[in-house]
$ cat model.csv   # CSV, C-alpha atoms and all ligand atoms
chain,number,residue,atom,x,y,z
A,1230,MET,CA,61.2,-10.7,-1.6
A,1231,ASN,CA,62.3,-13.1,1.1
A,1232,ASP,CA,63.3,-16.7,0.0
A,1233,TYR,CA,63.0,-18.5,3.3
A,1234,SER,CA,66.2,-20.4,2.8
A,1235,GLY,CA,68.0,-19.3,5.9
A,1236,GLU,CA,69.4,-21.5,8.6
A,1237,ASN,CA,66.1,-21.2,10.6
A,1238,TYR,CA,64.4,-23.2,7.8
A,1239,SER,CA,67.1,-25.7,7.0
A,1240,ILE,CA,65.7,-28.6,9.1
A,1241,TRP,CA,62.9,-28.9,6.6
A,1242,GLN,CA,65.4,-30.1,4.0
A,1243,THR,CA,65.8,-33.4,6.0
A,1244,ALA,CA,64.5,-36.3,4.0
A,1245,PRO,CA,62.4,-39.0,5.5
A,1246,LEU,CA,64.1,-42.4,5.9
A,1247,LYS,CA,63.2,-45.8,4.5
A,1248,ILE,CA,62.9,-48.7,7.0
A,1249,ASP,CA,66.2,-50.2,5.8
A,1250,GLU,CA,68.0,-46.8,6.1
A,1251,PHE,CA,66.8,-46.5,9.7
A,1252,LYS,CA,67.9,-50.0,10.5
A,1253,ASN,CA,71.5,-49.1,9.6
A,1254,LEU,CA,71.7,-46.1,12.0
A,1255,THR,CA,73.5,-46.4,15.3
A,1256,THR,CA,71.4,-46.3,18.5
A,1257,LYS,CA,72.2,-42.7,19.1
A,1258,GLU,CA,71.3,-41.8,15.5
A,1259,LYS,CA,68.0,-43.7,15.8
A,1260,LEU,CA,67.0,-41.8,18.9
A,1261,THR,CA,68.1,-38.5,17.3
A,1262,HIS,CA,65.8,-39.3,14.4
A,1263,PHE,CA,62.9,-39.8,16.8
A,1264,CYS,CA,63.7,-36.4,18.3
A,1265,LEU,CA,63.9,-34.8,14.9
A,1266,VAL,CA,60.4,-36.0,13.9
A,1267,ALA,CA,59.0,-34.8,17.3
A,1268,HIS,CA,60.6,-31.4,16.6
A,1269,LEU,CA,58.7,-31.0,13.4
A,1270,ALA,CA,55.4,-31.1,15.3
A,1271,PRO,CA,53.2,-28.0,15.6
A,1272,SER,CA,53.4,-25.9,18.7
A,1273,SER,CA,51.4,-22.9,20.0
A,1274,HIS,CA,53.0,-19.7,18.5
A,1275,ASN,CA,55.8,-21.9,17.3
A,1276,THR,CA,57.5,-21.8,20.7
A,1277,GLN,CA,58.9,-25.4,20.3
A,1278,PRO,CA,58.8,-25.8,24.1
A,1279,TRP,CA,60.3,-29.4,24.0
A,1280,ARG,CA,63.8,-30.3,25.1
A,1281,PHE,CA,64.9,-33.8,24.5
A,1282,ASN,CA,67.5,-36.0,26.3
A,1283,ILE,CA,68.5,-39.3,24.7
A,1284,ASN,CA,69.6,-42.3,26.7
A,1285,SER,CA,71.2,-44.8,24.3
A,1286,GLU,CA,71.8,-47.4,27.0
A,1287,ASN,CA,68.2,-47.8,27.8
A,1288,PHE,CA,66.9,-46.8,24.3
A,1289,GLU,CA,64.9,-44.0,26.0
A,1290,ILE,CA,64.0,-40.4,25.3
A,1291,SER,CA,63.0,-37.9,28.0
A,1292,ILE,CA,61.1,-34.8,27.0
A,1293,SER,CA,61.0,-31.7,29.2
A,1294,VAL,CA,59.3,-28.4,28.9
A,1295,ALA,CA,61.4,-25.2,28.7
A,1296,LYS,CA,59.3,-23.1,31.0
A,1297,GLU,CA,60.3,-19.8,29.5
A,1298,TYR,CA,58.3,-20.7,26.4
A,1299,ILE,CA,55.0,-21.0,28.2
A,1300,LEU,CA,53.3,-17.8,27.2
A,1301,PRO,CA,51.8,-15.8,30.1
A,1302,ALA,CA,49.0,-14.0,28.2
A,1303,SER,CA,47.7,-16.7,25.7
A,1304,ASP,CA,48.5,-19.8,27.7
A,1305,VAL,CA,47.8,-18.9,31.3
A,1306,ASN,CA,47.5,-22.5,32.4
A,1307,GLY,CA,50.2,-24.0,30.2
A,1308,ARG,CA,47.5,-26.0,28.4
A,1309,GLN,CA,48.5,-25.1,24.9
A,1310,THR,CA,52.1,-25.9,25.6
A,1311,ILE,CA,51.3,-29.3,27.0
A,1312,ILE,CA,49.0,-30.0,24.0
A,1313,SER,CA,52.0,-29.1,21.8
A,1314,MET,CA,54.1,-31.7,23.7
A,1315,GLY,CA,51.4,-34.3,22.9
A,1316,CYS,CA,51.8,-33.4,19.2
A,1317,ALA,CA,55.5,-34.1,19.5
A,1318,LEU,CA,54.9,-37.4,21.3
A,1319,ALA,CA,52.5,-38.5,18.5
A,1320,ASN,CA,55.3,-38.1,15.9
A,1321,ILE,CA,57.7,-40.3,17.9
A,1322,LYS,CA,55.0,-43.0,18.2
A,1323,ILE,CA,54.2,-42.9,14.5
A,1324,ALA,CA,57.9,-43.2,13.5
A,1325,ALA,CA,58.4,-45.9,16.1
A,1326,SER,CA,55.5,-48.0,14.7
A,1327,LEU,CA,56.9,-47.6,11.2
A,1328,PHE,CA,60.5,-48.6,12.1
A,1329,GLY,CA,59.5,-51.5,14.4
A,1330,TYR,CA,59.4,-50.3,18.0
A,1331,LYS,CA,56.8,-50.4,20.7
A,1332,THR,CA,56.8,-47.4,23.0
A,1333,GLU,CA,56.0,-47.1,26.6
A,1334,THR,CA,55.3,-43.6,27.8
A,1335,ILE,CA,55.4,-42.4,31.4
A,1336,ILE,CA,54.2,-38.9,32.5
A,1337,LEU,CA,56.9,-37.6,34.9
A,1338,ASN,CA,55.0,-34.7,36.3
A,1339,GLU,CA,51.2,-34.9,36.5
A,1340,ASP,CA,50.8,-31.7,38.5
A,1341,LYS,CA,49.6,-29.1,36.0
A,1342,GLN,CA,50.2,-26.3,38.4
A,1343,ILE,CA,53.9,-26.6,37.7
A,1344,PHE,CA,53.3,-25.6,34.1
A,1345,LYS,CA,51.6,-22.3,34.9
A,1346,PRO,CA,53.8,-19.6,33.3
A,1347,THR,CA,55.9,-17.4,35.6
A,1348,GLU,CA,58.1,-14.5,34.6
A,1349,HIS,CA,61.8,-15.1,33.9
A,1350,ASN,CA,61.6,-18.7,34.7
A,1351,THR,CA,64.2,-20.7,32.7
A,1352,GLU,CA,63.5,-24.1,34.4
A,1353,ILE,CA,63.4,-27.2,32.3
A,1354,ILE,CA,60.7,-29.4,33.7
A,1355,PRO,CA,60.6,-33.1,32.9
A,1356,LEU,CA,57.3,-34.2,31.4
A,1357,LEU,CA,57.6,-37.5,29.5
A,1358,LYS,CA,59.8,-40.6,29.4
A,1359,ILE,CA,59.5,-42.8,26.3
A,1360,THR,CA,61.1,-46.2,26.3
A,1361,LEU,CA,61.4,-48.1,23.0
A,1362,SER,CA,61.6,-51.8,22.5
A,1363,SER,CA,61.9,-53.9,19.3
A,1364,ASP,CA,58.8,-55.0,17.5
A,1365,THR,CA,57.7,-55.6,13.9
A,1366,PRO,CA,57.8,-52.6,11.6
A,1367,ILE,CA,54.2,-51.6,10.5
A,1368,GLU,CA,54.5,-50.3,6.9
A,1369,SER,CA,51.0,-48.8,6.9
A,1370,PHE,CA,52.4,-46.0,9.1
A,1371,ASP,CA,54.5,-44.7,6.2
A,1372,ASP,CA,51.9,-42.3,5.0
A,1373,LEU,CA,51.7,-40.6,8.4
A,1374,TYR,CA,55.5,-40.6,8.8
A,1375,GLN,CA,56.0,-39.0,5.4
A,1376,ALA,CA,53.3,-36.4,6.3
A,1377,ILE,CA,55.4,-35.3,9.3
A,1378,PHE,CA,57.9,-33.8,6.9
A,1379,LYS,CA,55.4,-31.9,4.8
A,1380,ARG,CA,52.8,-31.0,7.4
A,1381,LYS,CA,52.2,-27.3,8.0
A,1382,VAL,CA,49.5,-25.0,9.3
A,1383,THR,CA,47.9,-23.1,6.4
A,1384,ARG,CA,46.0,-20.1,7.7
A,1385,ALA,CA,44.1,-19.4,4.4
A,1386,GLU,CA,40.7,-19.6,2.8
A,1387,TYR,CA,39.4,-23.0,2.0
A,1388,LEU,CA,36.8,-24.1,-0.5
A,1389,GLU,CA,33.5,-24.2,1.4
A,1390,SER,CA,31.8,-26.4,-1.1
A,1391,SER,CA,34.5,-29.0,-1.4
A,1392,GLU,CA,33.5,-31.3,1.4
A,1393,ILE,CA,35.9,-33.6,3.3
A,1394,PRO,CA,35.3,-37.2,2.1
A,1395,THR,CA,32.9,-39.0,4.5
A,1396,ASN,CA,35.3,-42.0,4.9
A,1397,LEU,CA,38.0,-39.6,6.1
A,1398,LEU,CA,35.7,-37.9,8.5
A,1399,ASN,CA,34.8,-41.3,9.9
A,1400,GLU,CA,38.4,-42.3,10.2
A,1401,ILE,CA,39.1,-39.0,12.1
A,1402,GLU,CA,36.1,-39.6,14.4
A,1403,SER,CA,37.3,-43.1,15.2
A,1404,LEU,CA,40.5,-41.7,16.8
A,1405,ASN,CA,38.1,-41.0,19.8
A,1406,ASN,CA,39.2,-42.6,23.0
A,1407,ASP,CA,37.9,-42.9,26.6
A,1408,LYS,CA,39.6,-39.6,27.5
A,1409,ILE,CA,39.1,-37.4,24.4
A,1410,LYS,CA,36.0,-37.0,22.3
A,1411,ILE,CA,36.2,-35.7,18.8
A,1412,HIS,CA,33.4,-33.4,17.5
A,1413,LEU,CA,33.1,-32.7,13.8
A,1414,VAL,CA,30.9,-29.8,12.6
A,1415,SER,CA,30.0,-29.5,8.9
A,1416,ASP,CA,26.6,-27.9,8.9
A,1417,ARG,CA,26.6,-24.2,8.0
A,1418,LEU,CA,24.6,-22.8,10.9
A,1419,ARG,CA,26.9,-24.3,13.5
A,1420,ARG,CA,30.0,-23.3,11.5
A,1421,LEU,CA,28.7,-19.7,11.4
A,1422,THR,CA,28.1,-19.8,15.2
A,1423,ILE,CA,31.7,-21.1,15.8
A,1424,GLY,CA,33.0,-18.3,13.5
A,1425,GLU,CA,31.2,-15.8,15.6
A,1426,PHE,CA,32.8,-17.1,18.8
A,1427,GLN,CA,36.2,-17.0,17.1
A,1428,GLY,CA,35.7,-13.4,15.9
A,1429,GLN,CA,34.9,-12.4,19.5
A,1430,ALA,CA,38.0,-14.2,20.8
A,1431,ASP,CA,40.2,-12.6,18.2
A,1432,ASN,CA,38.7,-9.2,18.9
A,1433,PHE,CA,39.5,-9.6,22.6
A,1434,VAL,CA,43.1,-10.6,21.7
A,1435,ILE,CA,43.7,-7.6,19.5
A,1436,ASN,CA,42.1,-5.2,22.0
A,1437,SER,CA,43.9,-6.5,25.1
A,1438,LYS,CA,47.3,-5.0,25.5
A,1439,LYS,CA,48.8,-8.0,27.2
A,1440,PHE,CA,47.6,-10.4,24.5
A,1441,SER,CA,48.4,-8.3,21.5
A,1442,ARG,CA,51.9,-7.4,22.8
A,1443,GLU,CA,52.7,-11.0,23.3
A,1444,LEU,CA,51.3,-11.9,19.9
A,1445,GLY,CA,53.3,-9.2,18.3
A,1446,GLU,CA,56.5,-10.6,19.8
A,1447,TRP,CA,55.8,-13.9,18.1
A,1448,LEU,CA,54.3,-12.7,14.8
A,1449,LEU,CA,57.4,-11.8,13.0
A,1450,PRO,CA,58.5,-9.9,9.9
A,1451,ASN,CA,58.9,-12.2,6.9
A,1452,ASN,CA,62.7,-11.7,6.8
A,1453,SER,CA,63.2,-12.6,10.5
A,1454,ALA,CA,66.2,-14.9,11.2
A,1455,SER,CA,64.5,-16.1,14.4
A,1456,PHE,CA,64.3,-19.9,15.0
A,1457,VAL,CA,61.0,-19.6,16.8
A,1458,GLY,CA,57.8,-17.7,16.2
A,1459,MET,CA,55.5,-17.1,13.2
A,1460,PRO,CA,56.7,-15.1,10.2
A,1461,GLY,CA,53.7,-13.1,8.8
A,1462,ILE,CA,53.8,-15.1,5.6
A,1463,GLY,CA,52.2,-18.0,7.6
A,1464,PHE,CA,49.2,-15.7,7.9
A,1465,GLY,CA,49.2,-14.8,4.2
A,1466,LEU,CA,50.8,-11.4,5.0
A,1467,GLY,CA,53.1,-9.7,2.5
A,1468,ASP,CA,56.5,-8.4,3.7
A,1469,ASP,CA,55.3,-4.8,4.5
A,1470,GLU,CA,52.1,-6.0,6.1
A,1471,ALA,CA,53.9,-8.5,8.3
A,1472,GLN,CA,56.4,-5.8,9.4
A,1473,ARG,CA,53.6,-3.3,10.1
A,1474,LEU,CA,51.5,-5.8,12.1
A,1475,HIS,CA,54.5,-7.0,14.1
A,1476,LEU,CA,55.4,-3.4,15.1
A,1477,GLY,CA,51.8,-2.4,15.5
A,1478,LEU,CA,51.0,-5.3,17.9
A,1479,THR,CA,54.1,-4.8,20.0
A,1480,GLY,CA,53.2,-1.1,20.3
A,1481,ALA,CA,56.3,0.2,18.6
A,1482,ILE,CA,54.1,2.0,16.1
A,1483,PRO,CA,50.3,2.7,16.2
A,1484,LEU,CA,48.4,-0.4,15.0
A,1485,ASN,CA,47.0,0.3,11.5
A,1486,PRO,CA,43.2,-0.1,12.1
A,1487,ALA,CA,42.8,-1.9,8.7
A,1488,ASP,CA,45.5,-4.4,9.7
A,1489,GLY,CA,43.9,-5.0,13.1
A,1490,LEU,CA,40.5,-5.5,11.5
A,1491,LYS,CA,41.9,-7.9,8.9
A,1492,PHE,CA,43.4,-10.0,11.7
A,1493,SER,CA,40.4,-10.1,13.9
A,1494,THR,CA,38.0,-11.0,11.1
A,1495,GLY,CA,40.4,-13.4,9.4
A,1496,GLY,CA,39.7,-16.3,11.8
A,1497,LYS,CA,36.0,-15.7,11.8
A,1498,ILE,CA,35.7,-15.7,8.0
A,1499,GLY,CA,38.2,-18.6,7.7
A,1500,ILE,CA,36.0,-20.7,10.0
A,1501,GLU,CA,32.7,-19.8,8.3
A,1502,LYS,CA,34.1,-20.8,4.9
A,1503,SER,CA,35.7,-24.1,6.0
A,1504,PRO,CA,33.7,-27.2,5.2
A,1505,THR,CA,34.4,-28.8,8.5
A,1506,ILE,CA,35.4,-27.7,12.0
A,1507,CYS,CA,36.8,-30.1,14.5
A,1508,PHE,CA,37.0,-29.7,18.2
A,1509,LEU,CA,38.2,-32.0,21.0
A,1510,THR,CA,36.7,-32.2,24.5
A,1511,ALA,CA,37.6,-34.0,27.7
A,1512,SER,CA,35.5,-34.6,30.8
A,1513,ASP,CA,38.4,-33.5,32.9
A,1514,ASP,CA,40.9,-30.7,32.3
A,1515,THR,CA,43.9,-32.7,33.4
A,1516,LEU,CA,47.5,-32.7,32.1
A,1517,GLU,CA,47.1,-36.3,31.0
A,1518,ASN,CA,44.1,-35.3,28.8
A,1519,TRP,CA,46.0,-32.3,27.4
A,1520,ILE,CA,48.8,-34.7,26.2
A,1521,ALA,CA,46.2,-37.1,24.9
A,1522,ALA,CA,44.5,-34.3,23.0
A,1523,GLY,CA,47.8,-33.2,21.4
A,1524,GLU,CA,48.4,-36.7,20.2
A,1525,ILE,CA,45.0,-36.9,18.5
A,1526,VAL,CA,45.4,-33.4,17.0
A,1527,GLU,CA,48.7,-34.3,15.4
A,1528,ASN,CA,47.4,-37.7,14.1
A,1529,ILE,CA,44.4,-35.8,12.5
A,1530,PHE,CA,46.7,-33.1,11.0
A,1531,LEU,CA,49.0,-35.8,9.5
A,1532,LYS,CA,46.0,-37.7,8.1
A,1533,LEU,CA,44.8,-34.5,6.5
A,1534,ALA,CA,48.2,-33.5,5.2
A,1535,ALA,CA,48.6,-37.0,3.7
A,1536,HIS,CA,45.4,-36.2,1.7
A,1537,ASN,CA,46.5,-32.7,0.8
A,1538,ILE,CA,43.8,-31.2,3.0
A,1539,MET,CA,44.8,-28.0,4.8
A,1540,PHE,CA,44.1,-27.1,8.5
A,1541,THR,CA,44.4,-24.2,10.9
A,1542,MET,CA,44.3,-24.2,14.6
A,1543,HIS,CA,42.3,-21.6,16.6
A,1544,ALA,CA,43.2,-21.6,20.3
A,1545,GLY,CA,41.2,-18.4,21.0
A,1546,ILE,CA,37.9,-20.2,21.8
A,1547,THR,CA,39.7,-22.6,24.1
A,1548,GLU,CA,41.8,-20.1,26.0
A,1549,VAL,CA,39.8,-16.8,26.2
A,1550,SER,CA,37.9,-17.7,29.3
A,1551,LEU,CA,34.5,-16.0,28.7
A,1552,ILE,CA,34.3,-17.2,25.1
A,1553,ASN,CA,35.1,-20.6,26.3
A,1554,LYS,CA,32.2,-20.6,28.8
A,1555,LEU,CA,29.8,-19.3,26.2
A,1556,PHE,CA,31.0,-21.9,23.6
A,1557,SER,CA,30.5,-24.7,26.1
A,1558,MET,CA,27.0,-23.6,26.9
A,1559,SER,CA,26.0,-23.4,23.2
A,1560,PHE,CA,27.8,-26.5,22.0
A,1561,LEU,CA,28.3,-28.9,24.7
A,1562,GLY,CA,25.5,-28.5,27.2
A,1563,THR,CA,27.5,-30.5,29.6
A,1564,ASN,CA,30.6,-29.7,31.7
A,1565,ARG,CA,33.0,-31.2,29.2
A,1566,ARG,CA,36.1,-29.0,28.6
A,1567,ILE,CA,37.0,-27.9,25.0
A,1568,LEU,CA,40.8,-28.4,24.6
A,1569,SER,CA,41.4,-27.7,20.9
A,1570,LEU,CA,39.6,-26.4,17.8
A,1571,PHE,CA,40.7,-26.3,14.2
A,1572,ARG,CA,39.2,-26.0,10.8
A,1573,MET,CA,40.0,-28.1,7.7
A,1574,GLY,CA,39.4,-27.9,3.9
A,1575,TYR,CA,40.9,-27.9,0.4
A,1576,ILE,CA,42.9,-24.8,-0.4
A,1577,LYS,CA,41.1,-22.1,-2.4
A,1578,ARG,CA,44.2,-20.3,-3.9
A,1579,LYS,CA,47.0,-22.6,-4.9
A,1580,GLU,CA,49.7,-20.0,-3.9
A,1581,ASP,CA,48.5,-20.2,-0.3
A,1582,ALA,CA,49.5,-23.9,-0.2
A,1583,GLU,CA,53.0,-23.0,-1.4
A,1584,ARG,CA,53.9,-20.9,1.6
A,1585,PRO,CA,57.1,-21.9,3.4
A,1586,HIS,CA,57.3,-24.0,6.5
A,1587,SER,CA,57.7,-22.2,9.8
A,1588,PRO,CA,61.2,-21.9,11.3
A,1589,ARG,CA,62.7,-24.5,13.7
A,1590,TRP,CA,65.7,-24.5,16.1
A,1591,PRO,CA,68.5,-26.7,14.9
A,1592,LEU,CA,68.6,-30.1,16.6
A,1593,ASN,CA,71.6,-29.2,18.8
A,1594,LYS,CA,69.4,-26.6,20.6
A,1595,VAL,CA,66.5,-28.9,21.4
A,1596,ILE,CA,68.4,-32.1,22.2
A,1597,THR,CA,70.2,-31.2,25.4
A,1598,ASN,CA,72.8,-34.0,25.0
A,1599,TYR,CA,73.2,-33.8,21.2
A,1601,LIG,C1,48.4,-26.2,20.8
A,1601,LIG,C2,48.5,-25.4,19.6
A,1601,LIG,C3,47.7,-24.2,19.5
A,1601,LIG,C4,47.8,-23.4,18.4
A,1601,LIG,N1,47.0,-22.3,18.3
A,1601,LIG,C5,47.0,-21.5,17.2
A,1601,LIG,C6,46.1,-20.4,17.1
A,1601,LIG,O1,45.4,-20.1,18.0
A,1601,LIG,N2,46.2,-19.7,15.9
A,1601,LIG,C7,47.0,-20.0,14.9
A,1601,LIG,O2,47.0,-19.4,13.9
A,1601,LIG,N3,47.8,-21.1,15.0
A,1601,LIG,C8,47.8,-21.9,16.1
A,1601,LIG,N4,48.6,-23.0,16.2
A,1601,LIG,C9,49.5,-23.3,15.1
A,1601,LIG,C10,51.0,-22.9,15.4
A,1601,LIG,O3,51.1,-21.5,15.3
A,1601,LIG,C11,51.9,-23.6,14.4
A,1601,LIG,O4,51.8,-25.0,14.7
A,1601,LIG,C12,53.3,-23.1,14.6
A,1601,LIG,O5,53.4,-21.8,14.2
A,1601,LIG,C13,54.3,-24.0,13.8
A,1601,LIG,O6,54.0,-24.0,12.4
A,1601,LIG,P1,53.7,-25.3,11.6
A,1601,LIG,O7,52.6,-26.1,12.4
A,1601,LIG,O8,53.2,-24.9,10.3
A,1601,LIG,O9,55.0,-26.1,11.6
A,1601,LIG,C14,48.6,-23.8,17.3
A,1601,LIG,C15,49.4,-25.0,17.4
A,1601,LIG,C16,49.3,-25.8,18.5
A,1601,LIG,C17,50.1,-27.0,18.6

$ encode --input "model.csv" --output "structure tokens" --more "lines below"
Ligand SMILES: Cc1cc2nc3c(=O)[nH]c(=O)nc-3n(C[C@H](O)[C@H](O)[C@H](O)COP(=O)(O)O)c2cc1C
Amino acid sequence: MNDYSGENYSIWQTAPLKIDEFKNLTTKEKLTHFCLVAHLAPSSHNTQPWRFNINSENFEISISVAKEYILPASDVNGRQTIISMGCALANIKIAASLFGYKTETIILNEDKQIFKPTEHNTEIIPLLKITLSSDTPIESFDDLYQAIFKRKVTRAEYLESSEIPTNLLNEIESLNNDKIKIHLVSDRLRRLTIGEFQGQADNFVINSKKFSRELGEWLLPNNSASFVGMPGIGFGLGDDEAQRLHLGLTGAIPLNPADGLKFSTGGKIGIEKSPTICFLTASDDTLENWIAAGEIVENIFLKLAAHNIMFTMHAGITEVSLINKLFSMSFLGTNRRILSLFRMGYIKRKEDAERPHSPRWPLNKVITNY
């Protein structure tokens, strides 16, 4: 049995700071702490595509995208990568509000074409510059800040009949802004329909060589020492199952039909049985909106984590092009673009909530001038 205590998990032992503890840090340590919280954010396939550069003189952090981590099969436009960058940005803003800093964010590269994946491209492309300036600490951000250190995606079955409290759903919906609209679906019929779409998307993934090979490279055996990627335990897979699915998807051994079926029906069933599905849309499919969507996604995830409510992302509907078009026709009736979809609920089996966090690079890999 794997104990998930390797170096690739060690960052999760970092404790959150109190406002006074943060105050006593040097400027460089403060900026490093902001990068740490950003690095704990979710990212598609756990690619951790962010690279930070800290500028103590100007109290600034620049965040770039490591292009080799934009996945060519599942993220053809770089959309999921940029949404992940938005999640990381959200964490910096939350920690900054708690510790008494205003942030000003500039997008350094608005042209989304630059973020289309290309083979063997190791470019580091600047995306964001965040300048911090002193302000009053806002203690009410502490719940979200604490949640950054415990948040994780839990791909498991939730209790269909345990509804998310209405006041929390209202709070989530109020995170809407002029760019991004939040849609919450709790009625059974529409949840079943979304589950059907997800099933189709997962089926496509498992049956497409390009997609499944790529997924296999990122869905890892449980004892993997990798700092990126998703050990099978995160999908509820035992050690043997994880090893088999990894090898089966990469094509090293024939994919066990039962494993393939379990994978492609898991998302569908998970969605059907979750009390609420959330999806985000924008009128324009711009890079600015991808970042804004990522910020909202992470704020929602942290709110849910603070309430011990689990969540799982399903990018299939947003990225498998045909499914995306069908989904839009059924659910939106307009030309809005769906950018993100996830389900939420209270955990059904306690042991599923106790799975380990996913691995992370050490800070000296992601902060380029550590
Ligand atoms: C933009 C984005 C897309 C994601 N898409 C999926 C997905 O389609 N299926 C899935 O199981 N997890 C998805 N995830 C969750 C990531 O796999 C997860 O965040 C990553 O493995 C790190 O794990 P953690 O969030 O528990 O720290 C997505 C996350 C992000 C930010």

$ closest_atom_pairs --input "model.csv" --of "chain A" --to "ligand LIG 1601 (chain A)" --cutoff "7 Å" --atoms "all atoms listed in the file" --output "tab-separated table"
residue	atom	partner	partner_atom	distance
A:Leu1269	CA	A:LIG1601	O9	6.4
A:Ala1270	CA	A:LIG1601	O9	6.2
A:Pro1271	CA	A:LIG1601	O4	3.4
A:Ser1272	CA	A:LIG1601	C17	3.5
A:Ser1273	CA	A:LIG1601	C2	3.8
A:His1274	CA	A:LIG1601	O3	4.1
A:Asn1275	CA	A:LIG1601	C12	3.9
A:Gln1309	CA	A:LIG1601	C1	4.2
A:Thr1310	CA	A:LIG1601	C1	6.1
A:Ile1312	CA	A:LIG1601	C1	5.0
A:Ser1313	CA	A:LIG1601	C17	4.3
A:Cys1316	CA	A:LIG1601	C17	6.6
A:Arg1380	CA	A:LIG1601	O8	6.8
A:Lys1381	CA	A:LIG1601	O8	3.5
A:Val1382	CA	A:LIG1601	O8	3.8
A:Thr1383	CA	A:LIG1601	O8	6.8
A:Arg1384	CA	A:LIG1601	O2	6.3
A:Gly1458	CA	A:LIG1601	O5	6.3
A:Met1459	CA	A:LIG1601	O5	5.2
A:Thr1541	CA	A:LIG1601	N3	6.2
A:Met1542	CA	A:LIG1601	C8	4.4
A:His1543	CA	A:LIG1601	O1	3.7
A:Ala1544	CA	A:LIG1601	O1	3.5
A:Gly1545	CA	A:LIG1601	O1	5.4
A:His1586	CA	A:LIG1601	O8	5.7
A:Ser1587	CA	A:LIG1601	O6	4.9

$ closest_residue --input "model.csv" --among "A:Leu1444, A:Ala1385, A:Leu1570, A:Leu1449" --to "A:Ala1522" --atoms "only C-alpha atoms"
A:Leu1570

$ residues_around --input "model.csv" --residues "A:Ile1401" --least-positions-apart "3" --cutoff "10 Å" --atoms "only C-alpha atoms" --output "list of chain:residue names"
A:Thr1395, A:Asn1396, A:Leu1397, A:Leu1398, A:Leu1404, A:Asn1405, A:Ile1411, A:His1412, A:Leu1413, A:Cys1507, A:Ile1525, A:Val1526, A:Asn1528, A:Ile1529, A:Phe1530, A:Lys1532, A:Leu1533

$ residues_near_point --input "model.csv" --point "(43.7, -9.8, 13.7)" --cutoff "10 Å" --atoms "all atoms listed in the file" --output "PyMOL selection string"
chain A and resi 1428+1431-1436+1441+1464+1474+1478+1486-1497

$ closest_residue --input "model.csv" --among "A:Arg1589, A:Pro1504, A:Glu1389, A:Glu1348" --to "A:Gln1242" --atoms "all atoms listed in the file"
A:Arg1589
